[in-house]
Structures are given as C-alpha cells and as structure tokens.
file coords.cif (mmCIF, C-alpha atoms)
data_my_file
#
loop_
_atom_site.label_atom_id
_atom_site.label_comp_id
_atom_site.auth_asym_id
_atom_site.auth_seq_id
_atom_site.Cartn_x
_atom_site.Cartn_y
_atom_site.Cartn_z
CA MET A 6 -16.43 4.77 -10.40
CA THR A 7 -14.06 7.61 -11.29
CA GLY A 8 -13.58 10.55 -8.96
CA PRO A 9 -13.22 14.22 -9.96
CA PRO A 10 -9.90 15.42 -11.39
CA PHE A 11 -8.53 16.46 -8.01
CA ILE A 12 -4.84 16.25 -7.15
CA PRO A 13 -4.14 16.73 -3.44
CA ASP A 14 -0.97 18.30 -2.13
CA TYR A 15 0.65 15.19 -0.68
CA ASN A 16 3.47 17.14 0.95
CA THR A 17 0.89 19.15 2.89
CA ILE A 18 -1.07 16.03 3.80
CA TRP A 19 2.06 14.34 5.14
CA SER A 20 2.86 17.40 7.28
CA GLY A 21 0.99 16.02 10.27
CA GLY A 22 -1.95 14.64 8.32
CA TRP A 23 -1.42 10.98 7.51
CA ASN A 24 1.51 10.17 9.80
CA ASP A 25 -0.40 8.93 12.85
CA MET A 26 -3.17 7.40 10.76
CA ARG A 27 -0.61 5.18 9.03
CA LEU A 28 1.04 4.28 12.33
CA TYR A 29 -2.02 3.68 14.52
CA GLY A 30 -5.02 3.38 12.18
CA PRO A 31 -6.69 -0.05 12.29
CA MET A 32 -6.69 -0.44 8.50
CA SER A 33 -2.99 0.42 8.20
CA ARG A 34 -2.13 -2.06 10.94
CA HIS A 35 -4.08 -4.83 9.21
CA THR A 36 -2.37 -3.96 5.94
CA ARG A 37 1.00 -4.52 7.60
CA ARG A 38 -0.27 -7.73 9.21
CA LEU A 39 -1.54 -9.16 5.93
CA MET A 40 1.60 -8.10 4.06
CA ARG A 41 3.68 -9.96 6.65
CA LEU A 42 1.40 -12.98 6.24
CA LEU A 43 1.85 -12.96 2.47
CA THR A 44 5.63 -12.64 2.66
CA LYS A 45 6.49 -14.77 5.72
CA ASP A 46 7.68 -17.74 3.65
CA MET A 47 9.66 -15.65 1.18
CA LYS A 48 13.41 -15.14 1.44
CA PRO A 49 13.99 -11.75 -0.20
CA HIS A 50 17.46 -10.25 -0.30
CA SER A 51 15.98 -6.87 -1.21
CA ILE A 52 12.64 -5.13 -0.61
CA LEU A 53 11.20 -2.07 -2.34
CA ASP A 54 8.15 -0.22 -1.02
CA VAL A 55 6.50 1.86 -3.76
CA GLY A 56 4.79 4.84 -2.16
CA CYS A 57 6.48 4.07 1.15
CA GLY A 58 4.96 7.00 3.04
CA GLU A 59 6.42 7.37 6.51
CA GLY A 60 8.02 3.92 6.33
CA SER A 61 5.87 1.83 8.67
CA LEU A 62 5.09 -0.91 6.12
CA LEU A 63 8.70 -1.19 5.00
CA LYS A 64 9.83 -1.35 8.63
CA ALA A 65 7.32 -4.15 9.35
CA LEU A 66 8.67 -6.17 6.42
CA VAL A 67 12.30 -5.59 7.38
CA GLU A 68 11.50 -6.86 10.89
CA ILE A 69 10.54 -10.29 9.50
CA HIS A 70 13.21 -10.22 6.77
CA PRO A 71 16.14 -8.69 8.69
CA ASN A 72 18.75 -9.71 6.10
CA ALA A 73 17.01 -7.91 3.25
CA LYS A 74 18.24 -4.57 1.98
CA ALA A 75 15.40 -2.06 2.17
CA ALA A 76 14.47 0.69 -0.26
CA GLY A 77 11.52 2.97 -0.81
CA ILE A 78 10.23 5.44 -3.35
CA GLU A 79 7.76 8.21 -2.65
CA ILE A 80 6.37 11.26 -4.42
CA ALA A 81 6.12 13.39 -1.25
CA THR A 82 9.36 14.79 0.15
CA ASN A 83 7.90 15.20 3.64
CA ALA A 84 6.93 11.53 3.80
CA LEU A 85 10.34 10.45 2.60
CA HIS A 86 12.04 12.43 5.37
CA LEU A 87 9.88 10.58 7.91
CA ALA A 88 10.73 7.23 6.31
CA GLN A 89 14.44 8.00 6.40
CA ARG A 90 14.22 8.66 10.14
CA THR A 91 12.29 5.41 10.60
CA LEU A 92 14.80 3.35 8.58
CA PRO A 93 18.10 5.24 8.47
CA ASP A 94 19.92 2.38 6.73
CA ALA A 95 17.41 2.09 3.89
CA ASN A 96 17.83 3.60 0.44
CA PHE A 97 15.11 6.11 -0.48
CA LYS A 98 14.36 8.00 -3.66
CA ILE A 99 11.86 10.66 -4.73
CA MET A 100 10.01 9.28 -7.74
CA ASP A 101 6.68 9.39 -9.54
CA ILE A 102 6.09 5.70 -10.30
CA ALA A 103 3.72 6.58 -13.16
CA ALA A 104 6.46 8.61 -14.87
CA SER A 105 9.62 6.58 -14.29
CA GLN A 106 11.15 3.57 -12.61
CA TRP A 107 14.28 2.76 -10.63
CA GLU A 108 16.87 1.10 -12.82
CA ARG A 109 17.27 -1.72 -10.29
CA THR A 110 15.37 -4.86 -9.49
CA PHE A 111 14.24 -6.17 -6.12
CA ASP A 112 13.25 -9.59 -4.84
CA LEU A 113 10.10 -8.20 -3.23
CA VAL A 114 8.21 -5.11 -4.39
CA VAL A 115 5.22 -3.98 -2.35
CA CYS A 116 2.74 -1.18 -2.93
CA ALA A 117 -0.15 -0.35 -0.58
CA ASP A 118 -2.78 2.39 -0.94
CA VAL A 119 -1.10 3.95 -3.97
CA VAL A 120 -2.42 2.72 -7.32
CA GLU A 121 -5.92 4.02 -6.63
CA HIS A 122 -4.39 7.54 -6.67
CA ILE A 123 -2.68 7.17 -10.07
CA ASN A 124 -4.40 8.14 -13.31
CA ASN A 125 -2.24 5.89 -15.49
CA ASP A 126 -2.12 2.94 -13.13
CA SER A 127 -1.31 0.46 -15.90
CA ILE A 128 2.00 2.22 -16.62
CA ALA A 129 2.75 2.39 -12.88
CA ILE A 130 2.14 -1.36 -12.54
CA GLN A 131 4.36 -2.04 -15.55
CA HIS A 132 7.13 -0.02 -13.90
CA MET A 133 6.71 -2.04 -10.69
CA ALA A 134 6.83 -5.27 -12.66
CA ALA A 135 10.03 -4.11 -14.34
CA MET A 136 11.58 -3.45 -10.91
CA THR A 137 10.66 -6.95 -9.71
CA ALA A 138 13.59 -9.34 -10.03
CA PRO A 139 13.16 -12.60 -11.96
CA GLY A 140 11.82 -15.13 -9.46
CA GLY A 141 10.70 -12.28 -7.21
CA HIS A 142 7.27 -11.08 -6.12
CA LEU A 143 5.11 -7.99 -6.49
CA ILE A 144 2.31 -7.39 -3.97
CA ILE A 145 -0.20 -4.59 -4.53
CA ALA A 146 -2.91 -3.72 -2.00
CA THR A 147 -5.76 -1.35 -2.79
CA LEU A 148 -9.51 -0.77 -2.59
CA GLN A 149 -12.12 -2.20 -4.88
CA GLY A 150 -15.87 -1.72 -5.05
CA ARG A 151 -17.93 1.45 -4.65
CA MET A 152 -16.02 4.66 -4.06
CA ARG A 153 -17.14 6.90 -1.22
CA ARG A 154 -17.05 10.68 -1.65
CA PHE A 155 -14.37 11.17 0.99
CA GLU A 156 -12.09 8.79 -0.93
CA SER A 157 -12.18 10.95 -4.03
CA GLY A 158 -11.52 13.88 -1.69
CA ILE A 159 -8.19 12.36 -0.66
CA GLY A 160 -7.09 11.74 -4.20
CA HIS A 161 -8.62 8.42 -5.31
CA VAL A 162 -9.22 8.40 -9.04
CA ARG A 163 -10.67 4.88 -8.96
CA ASN A 164 -11.64 1.97 -6.81
CA TYR A 165 -11.01 -1.25 -8.71
CA ALA A 166 -13.66 -3.58 -10.03
CA PRO A 167 -13.31 -7.21 -8.87
CA GLY A 168 -10.57 -8.86 -10.92
CA GLU A 169 -9.41 -5.59 -12.51
CA LEU A 170 -6.15 -5.32 -10.57
CA GLN A 171 -5.29 -8.98 -11.21
CA ALA A 172 -5.81 -8.43 -14.93
CA LYS A 173 -3.54 -5.38 -15.03
CA ILE A 174 -0.80 -7.19 -13.13
CA THR A 175 -1.07 -10.14 -15.51
CA GLU A 176 -0.88 -7.75 -18.48
CA ALA A 177 2.38 -6.44 -16.99
CA GLY A 178 3.88 -9.91 -17.40
CA LEU A 179 3.57 -11.38 -13.91
CA LYS A 180 1.75 -14.50 -12.75
CA VAL A 181 -0.79 -14.02 -9.97
CA ASP A 182 -0.09 -16.48 -7.15
CA ARG A 183 -2.51 -15.42 -4.43
CA VAL A 184 -5.35 -12.98 -3.83
CA ILE A 185 -6.76 -11.90 -0.46
CA GLU A 186 -10.05 -9.99 -0.46
CA TRP A 187 -10.45 -8.73 3.08
CA GLY A 188 -12.74 -6.61 5.19
CA PHE A 189 -16.38 -7.74 5.02
CA PRO A 190 -18.49 -6.55 6.78
CA LEU A 191 -16.89 -4.45 9.55
CA TYR A 192 -14.31 -2.57 7.50
CA SER A 193 -16.37 -2.43 4.32
CA PRO A 194 -19.14 -1.50 4.08
CA LEU A 195 -19.72 -0.51 7.74
CA TYR A 196 -16.55 1.39 8.68
CA ARG A 197 -16.16 3.01 5.26
CA ASN A 198 -19.81 4.08 5.32
CA LEU A 199 -19.27 5.59 8.77
CA LEU A 200 -16.26 7.53 7.52
CA ALA A 201 -18.33 8.73 4.57
CA PHE A 202 -21.06 9.92 6.96
CA LEU A 203 -18.49 11.71 9.15
CA GLY A 204 -16.68 13.23 6.20
CA ASN A 205 -13.54 11.23 7.10
CA ARG A 206 -13.20 13.16 10.36
CA GLY A 207 -11.03 11.52 12.98
CA THR A 208 -8.52 9.91 10.62
CA MET A 209 -6.24 12.86 9.95
CA GLY A 210 -3.89 14.78 12.23
CA ARG A 211 -2.23 13.81 15.48
CA PHE A 212 -3.62 10.90 17.49
CA GLY A 213 -3.94 11.53 21.20
CA PHE A 214 -4.67 8.91 23.85
CA MET A 215 -8.38 8.48 23.04
CA ARG A 216 -7.89 8.22 19.29
CA LYS A 217 -5.10 5.70 19.77
CA LEU A 218 -7.33 3.69 22.14
CA ILE A 219 -10.27 3.72 19.72
CA SER A 220 -7.98 2.71 16.87
CA HIS A 221 -6.55 -0.12 18.98
CA ILE A 222 -10.04 -1.42 19.80
CA LEU A 223 -11.07 -1.24 16.14
CA TYR A 224 -7.93 -3.11 15.13
CA PHE A 225 -8.97 -6.10 17.24
CA ILE A 226 -12.62 -5.86 16.19
CA PHE A 227 -11.47 -5.98 12.55
CA PHE A 228 -10.11 -9.48 13.14
CA LEU A 229 -13.76 -10.55 12.79
CA ASN A 230 -13.68 -9.50 9.13
CA SER A 231 -13.64 -12.10 6.41
CA SER A 232 -10.32 -12.73 4.64
CA GLU A 233 -12.16 -14.25 1.67
CA ARG A 234 -14.61 -11.46 1.01
CA GLY A 235 -14.18 -7.72 1.13
CA ASP A 236 -13.26 -4.54 -0.68
CA TYR A 237 -9.61 -4.40 0.36
CA VAL A 238 -7.66 -6.58 -2.04
CA PHE A 239 -4.08 -7.88 -1.90
CA VAL A 240 -2.70 -9.35 -5.11
CA CYS A 241 0.56 -11.29 -4.86
CA ALA A 242 2.21 -12.02 -8.21
CA ARG A 243 5.49 -13.63 -9.26
CA LYS A 244 7.89 -12.86 -12.07
CA GLU A 245 9.14 -15.95 -13.88
CA SER A 246 12.77 -16.84 -13.16
CA GLY A 247 15.45 -15.73 -15.57
CA SER A 248 18.52 -13.54 -15.72
CA GLY A 249 18.83 -10.24 -13.88
CA GLU A 250 20.45 -8.50 -10.97
CA THR A 251 18.98 -7.43 -7.68
CA LEU A 252 19.87 -4.58 -5.38
#
call {"tool": "encode", "arguments": {"input": "coords.cif", "output": "structure tokens"}}
result
Amino acid sequence: MTGPPFIPDYNTIWSGGWNDMRLYGPMSRHTRRLMRLLTKDMKPHSILDVGCGEGSLLKALVEIHPNAKAAGIEIATNALHLAQRTLPDANFKIMDIAASQWERTFDLVVCADVVEHINNDSIAIQHMAAMTAPGGHLIIATLQGRMRRFESGIGHVRNYAPGELQAKITEAGLKVDRVIEWGFPLYSPLYRNLLAFLGNRGTMGRFGFMRKLISHILYFIFFLNSSERGDYVFVCARKESGSGETL
C-alpha cells in the first residue's frame, strides 16, 4: 500500500518529537536488541548508521563493538546534533541517502526505520550497498504488511510486501544471510492497531514517569512476540569479499 505524497518536516519532528520515543519506546528498544543479536558475532572495524536519528542505535552497537569507528548520516540537522552529543567521537554527516552516498566503505552498515520513508528506496539501498565494505554486512530493518493511516501521516510511503526488501537488497549486489520477521501478535497487529485507533497519540513528545513506565512494561511484554513471524523485518546481507578500503 502506498501512502499519500506527504513529506513531513523531520527537523520539526526531531525538535522534541521523536527523541524520547526512540530512547524509551518499546519498539525502538527491541530494534536495538535485535540489531545487537544480529551483529554480536561480527568483528567490524567501522560502523555506519544510515538515518541515525538521535544516535541510540549507533551507541548500542558501539557498546558491543567498542573498537569500531562509528559514523552516522542523517537528513535532519536537529537529529544529527543530538547524535553528536550522544557519541562525540563519532563522525556524522548530513546526507540524503536517496540522492548521494558517502565515498567511504564500512564493515557494518545498519539502517532502521528509514527505507519506508524513501520514495526511491532502490537507489537508497544501492547507495548503502556501495558503502558496505567487501566482506562486510548491511542490515536493514523496516515494516512490512498493511500500512496504518498514522504511518502514512509520519511519512511512510510504503510498507514492504513479504520478500520485497530481500529482493531489493539482492538486486543491489548483496547476498542475504539472515532474515528475522518479528512482532506477532502483540506488536503487530495488536499494538499497531491500537496506535491507529488512538491516532498515534502517546508516542511523540517528552516522556514523563508514567509514559516511561508504560513503555518499560510494554518492552517486556513484547518479548512474548514471535521472532519467526511478524511485520517488523530485519534483513542481514553480506557483500562478497574483494578489494576495497574501510573507514
């Protein structure tokens, strides 16, 4: 399903909108958990987070790969300022991944909750593949299945059909190693349907004590979700070894 041609102001959204949701939201926490699970046996010397937001995912990966040099790209200046405060030693760059790429390669490239916002996602994925070092990995996490109205309202132009993301990553020249489809039934459909009913209220803005507590409880409840069935998909792909330089 394709949403309306709506382009949100991401700088405005990041000015107190998504910050706490990314830090404390149960879905964001599980995204970081599953990304750590997928990368725990890797030995990257460099990590790039595409659409790094406020930096919480990149920070989580650096914590388990402390010797890796960290970098992030982001379209929203406000988010990048937050990320720089979170990881002052990392290298950050303002960039539209659908329009250009960093002329460097990285052992591990990750991208969460981004490609569903990009009209020309195939070009964006090709740029990510080009920034993945030979022998390195690209991991993309996004939604698939039916789109809810509130998702198009926050800038989704698609939710992927099953297998669609894997096919586009393969077309970009990478070999898919592992796929996690997570979230059934408590995250999707139940939680997403609830957010659709509430008009996504309660996910934006500052999180006080009660919202943090509710988010914490939901995080543990979401452990009951299936990791073999669900609408949140993680695709881990590898670039074949060859010549090239990393960051």
call {"tool": "closest_residue", "arguments": {"input": "coords.cif", "among": "A:Trp187, A:Phe111, A:Phe97, A:Trp23", "to": "Phe239 in chain A", "atoms": "only C-alpha atoms"}}
result
A:Trp187
call {"tool": "atom_distance", "arguments": {"input": "coords.cif", "atom1": "CA of Arg27 in chain A", "atom2": "CA of Gly77 in chain A"}}
result
15.8 Å
call {"tool": "resolve_selection", "arguments": {"input": "coords.cif", "expression": "the PyMOL selection byres ((chain A and resi 213-229) around 9)", "output": "PyMOL selection string"}}
result
chain A and resi 25+29-32+34-35+188-192+207-208+211-212+230-231
call {"tool": "residues_around", "arguments": {"input": "coords.cif", "residues": "Ile144 in chain A", "least_positions_apart": "2", "cutoff": "8 Å", "atoms": "all atoms listed in the file", "output": "list in words"}}
result
Leu113, Val114, Val115, Cys116, His142, Ala146, Phe239, Val240, Cys241 and Ala242 of chain A
call {"tool": "atom_distance", "arguments": {"input": "coords.cif", "atom1": "CA of Ile123 in chain A", "atom2": "CA of Gly56 in chain A"}}
result
11.1 Å
call {"tool": "atom_distance", "arguments": {"input": "coords.cif", "atom1": "CA of Ala103 in chain A", "atom2": "CA of Arg163 in chain A"}}
result
15.1 Å
call {"tool": "residues_around", "arguments": {"input": "coords.cif", "residues": "Arg206 in chain A", "least_positions_apart": "6", "cutoff": "12 Å", "atoms": "all atoms listed in the file", "output": "list in words"}}
result
Gly22, Met26, Phe155, Arg197, Leu199, Leu200 and Arg216 of chain A
call {"tool": "axis_aligned_box", "arguments": {"input": "coords.cif", "around": "range 223-239 of chain A", "padding_each_side": "6 Å", "output": "AutoDock Vina command-line options"}}
result
--center_x -9.3 --center_y -7.7 --center_z 7.6 --size_x 22.5 --size_y 25.0 --size_z 31.3
call {"tool": "closest_residue", "arguments": {"input": "coords.cif", "among": "A:Val119, A:Val184, A:Ala138, A:Ile99", "to": "Ile159 in chain A", "atoms": "all atoms listed in the file"}}
result
A:Val119
call {"tool": "resolve_selection", "arguments": {"input": "coords.cif", "expression": "the PyMOL selection byres ((chain A and resi 171) around 9)", "output": "PDB file with C-alpha atoms, in the coordinates of the input"}}
result
ATOM      1  CA  PRO A 167     -13.310  -7.210  -8.870  1.00  0.00           C
ATOM      2  CA  GLY A 168     -10.570  -8.860 -10.920  1.00  0.00           C
ATOM      3  CA  GLU A 169      -9.410  -5.590 -12.510  1.00  0.00           C
ATOM      4  CA  LEU A 170      -6.150  -5.320 -10.570  1.00  0.00           C
ATOM      5  CA  ALA A 172      -5.810  -8.430 -14.930  1.00  0.00           C
ATOM      6  CA  LYS A 173      -3.540  -5.380 -15.030  1.00  0.00           C
ATOM      7  CA  ILE A 174      -0.800  -7.190 -13.130  1.00  0.00           C
ATOM      8  CA  THR A 175      -1.070 -10.140 -15.510  1.00  0.00           C
ATOM      9  CA  GLU A 176      -0.880  -7.750 -18.480  1.00  0.00           C
ATOM     10  CA  VAL A 181      -0.790 -14.020  -9.970  1.00  0.00           C
ATOM     11  CA  VAL A 184      -5.350 -12.980  -3.830  1.00  0.00           C
ATOM     12  CA  VAL A 240      -2.700  -9.350  -5.110  1.00  0.00           C
ATOM     13  CA  CYS A 241       0.560 -11.290  -4.860  1.00  0.00           C
ATOM     14  CA  ALA A 242       2.210 -12.020  -8.210  1.00  0.00           C
TER      15      ALA A 242
END
call {"tool": "closest_residue", "arguments": {"input": "coords.cif", "among": "A:Gly60, A:Ala135, A:His122, A:Glu108", "to": "Pro93 in chain A", "atoms": "all atoms listed in the file"}}
result
A:Gly60
call {"tool": "closest_residue", "arguments": {"input": "coords.cif", "among": "A:Arg37, A:Cys57, A:Lys98, A:Arg90", "to": "Ile69 in chain A", "atoms": "all atoms listed in the file"}}
result
A:Arg37
call {"tool": "closest_residue", "arguments": {"input": "coords.cif", "among": "A:Ser246, A:Val238, A:Gly58, A:Leu53", "to": "Ala84 in chain A", "atoms": "all atoms listed in the file"}}
result
A:Gly58
call {"tool": "closest_residue", "arguments": {"input": "coords.cif", "among": "A:Ala129, A:Ile145, A:Ala201, A:Leu66", "to": "Leu42 in chain A", "atoms": "only C-alpha atoms"}}
result
A:Leu66
call {"tool": "resolve_selection", "arguments": {"input": "coords.cif", "expression": "the PyMOL selection byres ((chain A and resi 121) around 10)", "output": "JSON list (two decimals) with C-alpha atoms, in the coordinates of the input"}}
result
[["chain", "number", "residue", "atom", "x", "y", "z"],
["A", 117, "ALA", "CA", -0.15, -0.35, -0.58],
["A", 118, "ASP", "CA", -2.78, 2.39, -0.94],
["A", 119, "VAL", "CA", -1.10, 3.95, -3.97],
["A", 120, "VAL", "CA", -2.42, 2.72, -7.32],
["A", 122, "HIS", "CA", -4.39, 7.54, -6.67],
["A", 123, "ILE", "CA", -2.68, 7.17, -10.07],
["A", 124, "ASN", "CA", -4.40, 8.14, -13.31],
["A", 125, "ASN", "CA", -2.24, 5.89, -15.49],
["A", 126, "ASP", "CA", -2.12, 2.94, -13.13],
["A", 146, "ALA", "CA", -2.91, -3.72, -2.00],
["A", 147, "THR", "CA", -5.76, -1.35, -2.79],
["A", 148, "LEU", "CA", -9.51, -0.77, -2.59],
["A", 149, "GLN", "CA", -12.12, -2.20, -4.88],
["A", 156, "GLU", "CA", -12.09, 8.79, -0.93],
["A", 157, "SER", "CA", -12.18, 10.95, -4.03],
["A", 160, "GLY", "CA", -7.09, 11.74, -4.20],
["A", 161, "HIS", "CA", -8.62, 8.42, -5.31],
["A", 162, "VAL", "CA", -9.22, 8.40, -9.04],
["A", 163, "ARG", "CA", -10.67, 4.88, -8.96],
["A", 164, "ASN", "CA", -11.64, 1.97, -6.81],
["A", 165, "TYR", "CA", -11.01, -1.25, -8.71]]
